[in-house]
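Q: First, the structure itself, so that you have it in front of you.
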Amino acid sequence: MPRLEGKVALVTGGGGSIGGATARAFAAEGAKVVVADIDADGVERVVSELGADVAVGAVGDVTDSAAVAGAVRLAVERFGGLNVAFANAGVFGSHASVAEYPEDVFDQVMAVNVKGSFLVCKHAMAAMGDGPGSIVINSSVVGLTSAPGILGYATAKHALVGLMRTAAQEGAPKGIRVNTIHPGPVDNRFQHTIEVGATGATEDEATAIFDGMIPLDRHARPDEIASAVLFLASDESSFVTGATIAADGGLSI
């Protein structure tokens, strides 16, 4: 039997590379999927690929409580409930020192990454009721480590671990599991933009620099991160909650 047969899932940031790969993985394992993103074109692309009988799109901003509640409500009304939520939407912010980090950028990074994930947990846990259910929050390897110049992103990604641990404790009596996934560098536009900004090198040069930092000596494919999320979403991880799962090629060792 497919691992998510009969399950309904919400994926925020579903129009991007990791979100889209995860929506595809969920659908391939039998789930109905609500693909949510602020990018309407990305939502349409993924939903069209999966088909209207399997997926439905929700265009909105994860920092807007009504938009997140609407995506959750869409899952319940269209597919009959909500069993899995992947809080994946995020932004990077700026490369700057603590003393020079722009306050408005810091606020935006915290709003999208932290408040957005909080709102997914808030509305998803309410819809899951007495459970069971699984919530996966996309943090980052820099939610376990950090580096100079990434104040906003690292602060937000560390904050998600606190959100996860609190939600995991509250959800456990109902069988609602909550975990964070911590990807290392992924071969996508989001990551390549970060690397060029961090190094000042060309994209190929920056990729090589980051490959040299990773024990497995390469970037992850989006589908490799999706596979880890799928494990946490499925009953294969039925005794896993409150965990920080690194999918970083060994970068956090």
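Going through the structure tokens in order, the chains are called A, B, and so on, while each chain numbers its residues from 1 and the ligands are numbered from 1 in the order shown.
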Find the residues around range 243-250 of chain A up to 10 Å (only C-alpha atoms counted), leave out those fewer than 5 positions away in its own chain, and share them as a PyMOL selection string.
A: chain A and resi 136-141+143-144+161+164-165+168+177-186+211+213-220+224-225+227-229+232
Q: Residues of the last selection are to be written out with N, CA and C atoms, as an mmCIF file, in the first residue's frame.
A:
```cif
data_model
loop_
_atom_site.group_PDB
_atom_site.id
_atom_site.type_symbol
_atom_site.label_atom_id
_atom_site.label_comp_id
_atom_site.auth_asym_id
_atom_site.auth_seq_id
_atom_site.Cartn_x
_atom_site.Cartn_y
_atom_site.Cartn_z
ATOM 1 N N VAL A 136 5.682 18.681 9.607
ATOM 2 C CA VAL A 136 7.121 18.791 9.354
ATOM 3 C C VAL A 136 7.424 20.248 9.062
ATOM 4 N N ILE A 137 8.387 20.807 9.772
ATOM 5 C CA ILE A 137 8.788 22.198 9.593
ATOM 6 C C ILE A 137 10.153 22.218 8.927
ATOM 7 N N ASN A 138 10.253 22.968 7.835
ATOM 8 C CA ASN A 138 11.530 23.054 7.129
ATOM 9 C C ASN A 138 12.398 24.117 7.788
ATOM 10 N N SER A 139 13.407 23.685 8.520
ATOM 11 C CA SER A 139 14.397 24.582 9.091
ATOM 12 C C SER A 139 15.569 24.640 8.116
ATOM 13 N N SER A 140 16.747 24.357 8.553
ATOM 14 C CA SER A 140 17.957 24.425 7.713
ATOM 15 C C SER A 140 19.112 23.864 8.508
ATOM 16 N N VAL A 141 20.185 23.529 7.819
ATOM 17 C CA VAL A 141 21.403 23.167 8.537
ATOM 18 C C VAL A 141 21.825 24.309 9.453
ATOM 19 N N GLY A 143 19.911 25.997 11.162
ATOM 20 C CA GLY A 143 19.097 25.907 12.368
ATOM 21 C C GLY A 143 19.767 25.026 13.412
ATOM 22 N N LEU A 144 20.874 24.412 13.023
ATOM 23 C CA LEU A 144 21.694 23.599 13.932
ATOM 24 C C LEU A 144 23.082 24.207 14.126
ATOM 25 N N VAL A 161 13.125 25.436 15.732
ATOM 26 C CA VAL A 161 13.326 24.267 16.611
ATOM 27 C C VAL A 161 12.543 24.451 17.901
ATOM 28 N N MET A 164 8.932 23.854 17.071
ATOM 29 C CA MET A 164 8.697 22.423 16.878
ATOM 30 C C MET A 164 8.628 21.686 18.204
ATOM 31 N N ARG A 165 9.563 21.963 19.110
ATOM 32 C CA ARG A 165 9.609 21.210 20.371
ATOM 33 C C ARG A 165 8.386 21.487 21.241
ATOM 34 N N ALA A 168 5.448 19.742 19.456
ATOM 35 C CA ALA A 168 5.567 18.288 19.597
ATOM 36 C C ALA A 168 5.080 17.827 20.964
ATOM 37 N N ARG A 177 2.429 14.297 15.571
ATOM 38 C CA ARG A 177 3.886 14.363 15.650
ATOM 39 C C ARG A 177 4.382 15.621 14.949
ATOM 40 N N VAL A 178 5.420 16.231 15.500
ATOM 41 C CA VAL A 178 5.986 17.448 14.919
ATOM 42 C C VAL A 178 7.508 17.314 14.925
ATOM 43 N N ASN A 179 8.111 17.525 13.769
ATOM 44 C CA ASN A 179 9.562 17.401 13.624
ATOM 45 C C ASN A 179 10.083 18.496 12.703
ATOM 46 N N THR A 180 11.374 18.780 12.800
ATOM 47 C CA THR A 180 12.012 19.685 11.845
ATOM 48 C C THR A 180 12.955 18.917 10.939
ATOM 49 N N ILE A 181 13.025 19.370 9.694
ATOM 50 C CA ILE A 181 13.982 18.858 8.724
ATOM 51 C C ILE A 181 15.017 19.959 8.502
ATOM 52 N N HIS A 182 16.291 19.572 8.411
ATOM 53 C CA HIS A 182 17.378 20.552 8.323
ATOM 54 C C HIS A 182 18.216 20.286 7.082
ATOM 55 N N PRO A 183 17.764 20.777 5.918
ATOM 56 C CA PRO A 183 18.525 20.549 4.692
ATOM 57 C C PRO A 183 19.839 21.322 4.680
ATOM 58 N N GLY A 184 20.837 20.716 4.086
ATOM 59 C CA GLY A 184 22.043 21.441 3.736
ATOM 60 C C GLY A 184 21.850 22.084 2.376
ATOM 61 N N PRO A 185 22.923 22.488 1.718
ATOM 62 C CA PRO A 185 22.805 23.118 0.401
ATOM 63 C C PRO A 185 22.099 22.208 -0.612
ATOM 64 N N VAL A 186 21.110 22.781 -1.274
ATOM 65 C CA VAL A 186 20.311 22.064 -2.267
ATOM 66 C C VAL A 186 20.566 22.687 -3.637
ATOM 67 N N ASP A 211 30.499 22.819 -2.191
ATOM 68 C CA ASP A 211 30.709 21.369 -2.273
ATOM 69 C C ASP A 211 31.897 20.949 -1.409
ATOM 70 N N MET A 213 32.808 22.104 1.340
ATOM 71 C CA MET A 213 32.479 22.132 2.767
ATOM 72 C C MET A 213 31.650 20.924 3.197
ATOM 73 N N ILE A 214 31.062 20.234 2.236
ATOM 74 C CA ILE A 214 30.101 19.164 2.525
ATOM 75 C C ILE A 214 30.821 17.822 2.492
ATOM 76 N N PRO A 215 30.760 17.033 3.559
ATOM 77 C CA PRO A 215 31.452 15.742 3.545
ATOM 78 C C PRO A 215 31.075 14.852 2.362
ATOM 79 N N LEU A 216 29.819 14.868 1.933
ATOM 80 C CA LEU A 216 29.441 14.070 0.766
ATOM 81 C C LEU A 216 29.830 14.724 -0.553
ATOM 82 N N ASP A 217 30.399 15.929 -0.494
ATOM 83 C CA ASP A 217 31.037 16.589 -1.629
ATOM 84 C C ASP A 217 30.073 16.919 -2.768
ATOM 85 N N ARG A 218 28.834 17.241 -2.422
ATOM 86 C CA ARG A 218 27.870 17.653 -3.444
ATOM 87 C C ARG A 218 26.670 18.299 -2.777
ATOM 88 N N HIS A 219 25.869 18.998 -3.582
ATOM 89 C CA HIS A 219 24.593 19.525 -3.125
ATOM 90 C C HIS A 219 23.529 18.423 -3.178
ATOM 91 N N ALA A 220 22.487 18.598 -2.387
ATOM 92 C CA ALA A 220 21.358 17.662 -2.434
ATOM 93 C C ALA A 220 20.473 17.965 -3.640
ATOM 94 N N GLU A 224 15.709 14.486 -2.829
ATOM 95 C CA GLU A 224 16.314 13.831 -1.670
ATOM 96 C C GLU A 224 15.785 14.439 -0.372
ATOM 97 N N ILE A 225 15.570 15.747 -0.358
ATOM 98 C CA ILE A 225 14.963 16.379 0.808
ATOM 99 C C ILE A 225 13.512 15.937 0.918
ATOM 100 N N SER A 227 12.254 13.146 0.086
ATOM 101 C CA SER A 227 12.208 11.781 0.612
ATOM 102 C C SER A 227 12.289 11.762 2.133
ATOM 103 N N ALA A 228 13.110 12.656 2.698
ATOM 104 C CA ALA A 228 13.204 12.743 4.154
ATOM 105 C C ALA A 228 11.908 13.277 4.750
ATOM 106 N N VAL A 229 11.304 14.263 4.083
ATOM 107 C CA VAL A 229 10.015 14.793 4.551
ATOM 108 C C VAL A 229 8.947 13.712 4.471
ATOM 109 N N LEU A 232 9.072 11.447 7.430
ATOM 110 C CA LEU A 232 8.499 12.050 8.633
ATOM 111 C C LEU A 232 6.982 12.167 8.538
#
```
Q: Find the spatial neighbours of range 51-53 of chain A, counting only C-alpha atoms, within a cut-off of 12 Å - ignore same-chain residues fewer than 3 positions away - and output them as a CSV table (one decimal) with C-alpha atoms, in the first residue's frame.
A:
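See result-v9.csv below for the written result:
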```csv
chain,number,residue,atom,x,y,z
A,23,ALA,CA,4.1,17.6,-3.2
A,24,ARG,CA,5.0,15.1,-6.0
A,27,ALA,CA,1.0,12.4,-4.4
A,28,ALA,CA,3.0,9.5,-5.6
A,30,GLY,CA,-1.3,8.2,-2.4
A,31,ALA,CA,-2.0,11.6,-0.7
A,32,LYS,CA,-4.3,14.4,-1.8
A,33,VAL,CA,-2.3,17.6,-1.7
A,34,VAL,CA,-3.1,21.3,-1.1
A,35,VAL,CA,-0.2,23.2,-2.8
A,43,VAL,CA,1.1,26.8,-7.7
A,44,GLU,CA,-0.5,26.4,-11.1
A,45,ARG,CA,2.5,24.5,-12.5
A,46,VAL,CA,2.6,21.9,-9.7
A,47,VAL,CA,-1.2,21.4,-9.5
A,48,SER,CA,-1.4,21.0,-13.3
A,56,VAL,CA,-5.6,21.8,-5.4
A,57,GLY,CA,-3.9,25.2,-5.2
A,78,ARG,CA,-12.1,19.5,-0.8
A,79,PHE,CA,-10.5,16.3,0.5
```
Q: Going by DSSP on the backbone, which bits of range 42-165 of chain A are helix (DSSP H, G or I)? Write them as a compact mmCIF listing (two decimals) with N, CA and C atoms, in the first residue's frame, please.
A:
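Contents of the output file out38.txt:
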```txt
# COMPACT_ATOMS: atom_id res chain seq x y z
N GLY A 42 3.77 29.25 -9.78
CA GLY A 42 4.33 28.02 -9.23
C GLY A 42 3.26 27.06 -8.77
N VAL A 43 2.23 27.59 -8.12
CA VAL A 43 1.11 26.76 -7.67
C VAL A 43 0.44 26.10 -8.86
N GLU A 44 0.14 26.89 -9.88
CA GLU A 44 -0.53 26.36 -11.07
C GLU A 44 0.30 25.27 -11.74
N ARG A 45 1.60 25.48 -11.81
CA ARG A 45 2.48 24.50 -12.46
C ARG A 45 2.44 23.16 -11.73
N VAL A 46 2.56 23.17 -10.41
CA VAL A 46 2.59 21.91 -9.66
C VAL A 46 1.22 21.24 -9.66
N VAL A 47 0.16 22.01 -9.48
CA VAL A 47 -1.18 21.43 -9.48
C VAL A 47 -1.51 20.83 -10.84
N SER A 48 -1.14 21.52 -11.90
CA SER A 48 -1.39 21.00 -13.25
C SER A 48 -0.66 19.69 -13.48
N GLU A 49 0.55 19.61 -12.96
CA GLU A 49 1.33 18.38 -13.11
C GLU A 49 0.70 17.22 -12.36
N LEU A 50 0.20 17.49 -11.16
CA LEU A 50 -0.36 16.42 -10.33
C LEU A 50 -1.78 16.04 -10.74
N SER A 65 -2.71 35.09 8.61
CA SER A 65 -3.41 34.00 9.29
C SER A 65 -4.63 33.53 8.51
N ALA A 66 -5.38 34.47 7.94
CA ALA A 66 -6.57 34.10 7.18
C ALA A 66 -6.22 33.27 5.95
N ALA A 67 -5.08 33.58 5.31
CA ALA A 67 -4.67 32.82 4.14
C ALA A 67 -4.29 31.39 4.51
N VAL A 68 -3.56 31.23 5.61
CA VAL A 68 -3.17 29.89 6.05
C VAL A 68 -4.40 29.11 6.49
N ALA A 69 -5.28 29.76 7.25
CA ALA A 69 -6.52 29.10 7.68
C ALA A 69 -7.34 28.68 6.46
N GLY A 70 -7.33 29.51 5.42
CA GLY A 70 -8.07 29.18 4.21
C GLY A 70 -7.50 27.97 3.49
N ALA A 71 -6.17 27.84 3.47
CA ALA A 71 -5.55 26.67 2.84
C ALA A 71 -5.89 25.40 3.61
N VAL A 72 -5.88 25.49 4.94
CA VAL A 72 -6.26 24.34 5.76
C VAL A 72 -7.73 23.99 5.54
N ARG A 73 -8.58 25.01 5.51
CA ARG A 73 -10.01 24.79 5.28
C ARG A 73 -10.26 24.16 3.91
N LEU A 74 -9.48 24.57 2.92
CA LEU A 74 -9.60 23.99 1.58
C LEU A 74 -9.32 22.50 1.61
N ALA A 75 -8.30 22.10 2.37
CA ALA A 75 -7.98 20.67 2.51
C ALA A 75 -9.17 19.90 3.09
N VAL A 76 -9.76 20.47 4.13
CA VAL A 76 -10.88 19.80 4.80
C VAL A 76 -12.10 19.74 3.89
N GLU A 77 -12.40 20.85 3.22
CA GLU A 77 -13.61 20.90 2.39
C GLU A 77 -13.47 20.10 1.11
N ARG A 78 -12.29 20.14 0.50
CA ARG A 78 -12.12 19.45 -0.78
C ARG A 78 -11.82 17.97 -0.61
N PHE A 79 -11.02 17.64 0.39
CA PHE A 79 -10.54 16.26 0.51
C PHE A 79 -10.96 15.56 1.81
N GLU A 103 17.04 46.24 9.74
CA GLU A 103 15.97 45.84 10.64
C GLU A 103 14.72 45.39 9.89
N ASP A 104 14.41 46.07 8.78
CA ASP A 104 13.21 45.68 8.04
C ASP A 104 13.37 44.30 7.41
N VAL A 105 14.59 43.97 6.98
CA VAL A 105 14.84 42.64 6.42
C VAL A 105 14.74 41.59 7.51
N PHE A 106 15.30 41.89 8.69
CA PHE A 106 15.19 40.96 9.81
C PHE A 106 13.73 40.67 10.13
N ASP A 107 12.91 41.71 10.16
CA ASP A 107 11.49 41.53 10.46
C ASP A 107 10.82 40.65 9.41
N GLN A 108 11.17 40.85 8.13
CA GLN A 108 10.56 40.05 7.07
C GLN A 108 10.96 38.58 7.18
N VAL A 109 12.25 38.35 7.45
CA VAL A 109 12.74 36.97 7.56
C VAL A 109 12.05 36.25 8.73
N MET A 110 11.91 36.93 9.84
CA MET A 110 11.23 36.34 10.98
C MET A 110 9.75 36.10 10.67
N ALA A 111 9.13 37.04 9.98
CA ALA A 111 7.71 36.91 9.68
C ALA A 111 7.42 35.71 8.79
N VAL A 112 8.18 35.58 7.70
CA VAL A 112 7.90 34.49 6.75
C VAL A 112 8.30 33.14 7.34
N ASN A 113 9.51 33.06 7.87
CA ASN A 113 10.01 31.76 8.33
C ASN A 113 9.38 31.33 9.65
N VAL A 114 9.29 32.24 10.61
CA VAL A 114 8.83 31.85 11.95
C VAL A 114 7.32 32.02 12.10
N LYS A 115 6.82 33.23 11.84
CA LYS A 115 5.37 33.39 11.97
C LYS A 115 4.63 32.50 10.98
N GLY A 116 5.14 32.40 9.75
CA GLY A 116 4.49 31.55 8.77
C GLY A 116 4.40 30.10 9.23
N SER A 117 5.48 29.59 9.79
CA SER A 117 5.47 28.20 10.28
C SER A 117 4.57 28.06 11.50
N PHE A 118 4.59 29.07 12.38
CA PHE A 118 3.68 29.07 13.52
C PHE A 118 2.23 28.99 13.06
N LEU A 119 1.86 29.79 12.05
CA LEU A 119 0.48 29.78 11.58
C LEU A 119 0.10 28.44 10.96
N VAL A 120 1.04 27.80 10.27
CA VAL A 120 0.77 26.46 9.75
C VAL A 120 0.50 25.50 10.90
N CYS A 121 1.36 25.54 11.93
CA CYS A 121 1.14 24.67 13.09
C CYS A 121 -0.19 24.97 13.77
N LYS A 122 -0.46 26.24 13.98
CA LYS A 122 -1.67 26.66 14.67
C LYS A 122 -2.93 26.12 13.99
N HIS A 123 -3.05 26.39 12.70
CA HIS A 123 -4.26 26.01 11.98
C HIS A 123 -4.30 24.53 11.64
N ALA A 124 -3.14 23.94 11.36
CA ALA A 124 -3.10 22.51 11.06
C ALA A 124 -3.45 21.67 12.29
N MET A 125 -2.88 22.04 13.44
CA MET A 125 -3.16 21.27 14.65
C MET A 125 -4.63 21.37 15.04
N ALA A 126 -5.24 22.52 14.82
CA ALA A 126 -6.68 22.65 15.09
C ALA A 126 -7.48 21.74 14.18
N ALA A 127 -7.09 21.67 12.89
CA ALA A 127 -7.83 20.83 11.95
C ALA A 127 -7.61 19.35 12.21
N MET A 128 -6.41 19.00 12.71
CA MET A 128 -6.11 17.60 12.99
C MET A 128 -6.84 17.10 14.23
N VAL A 141 20.18 23.53 7.82
CA VAL A 141 21.40 23.17 8.54
C VAL A 141 21.83 24.31 9.45
N VAL A 142 21.53 25.57 9.07
CA VAL A 142 21.90 26.68 9.94
C VAL A 142 20.85 26.91 11.04
N GLY A 143 19.91 26.00 11.16
CA GLY A 143 19.10 25.91 12.37
C GLY A 143 19.77 25.03 13.41
N LEU A 151 22.65 36.44 9.98
CA LEU A 151 21.92 36.65 11.22
C LEU A 151 20.43 36.34 11.11
N GLY A 152 19.75 36.97 10.16
CA GLY A 152 18.30 36.81 10.07
C GLY A 152 17.90 35.37 9.82
N TYR A 153 18.52 34.76 8.82
CA TYR A 153 18.16 33.39 8.44
C TYR A 153 18.47 32.40 9.55
N ALA A 154 19.66 32.48 10.12
CA ALA A 154 20.03 31.53 11.17
C ALA A 154 19.17 31.71 12.42
N THR A 155 18.87 32.94 12.78
CA THR A 155 18.01 33.19 13.93
C THR A 155 16.63 32.59 13.71
N ALA A 156 16.07 32.83 12.54
CA ALA A 156 14.75 32.28 12.24
C ALA A 156 14.76 30.76 12.24
N LYS A 157 15.77 30.17 11.63
CA LYS A 157 15.80 28.72 11.52
C LYS A 157 16.06 28.05 12.87
N HIS A 158 16.80 28.70 13.77
CA HIS A 158 16.93 28.20 15.13
C HIS A 158 15.60 28.31 15.87
N ALA A 159 14.88 29.41 15.65
CA ALA A 159 13.59 29.61 16.32
C ALA A 159 12.60 28.51 15.97
N LEU A 160 12.69 27.98 14.77
CA LEU A 160 11.76 26.92 14.36
C LEU A 160 11.93 25.66 15.21
N VAL A 161 13.13 25.44 15.73
CA VAL A 161 13.33 24.27 16.61
C VAL A 161 12.54 24.45 17.90
N GLY A 162 12.54 25.66 18.45
CA GLY A 162 11.73 25.92 19.65
C GLY A 162 10.25 25.76 19.38
N LEU A 163 9.80 26.26 18.24
CA LEU A 163 8.40 26.08 17.84
C LEU A 163 8.06 24.60 17.75
N MET A 164 8.93 23.85 17.07
CA MET A 164 8.70 22.42 16.88
C MET A 164 8.63 21.69 18.20
N ARG A 165 9.56 21.96 19.11
CA ARG A 165 9.61 21.21 20.37
C ARG A 165 8.39 21.49 21.24
```
Q: Considering only C-alpha atoms, can you say which of A:Leu4, A:Ser134, A:Val59, A:Ala21 comes closest to Lys174 in chain A?
A: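 Counting only C-alpha atoms, the residue closest to Lys174 in chain A is A:Ser134.
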Q: Taking only C-alpha atoms into account, which of A:Ala96, A:Gln191, A:Pro102, A:Ala233 comes nearest Glu5 in chain A?
A: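 Smallest separation from Glu5 in chain A among the options: A:Ala233.
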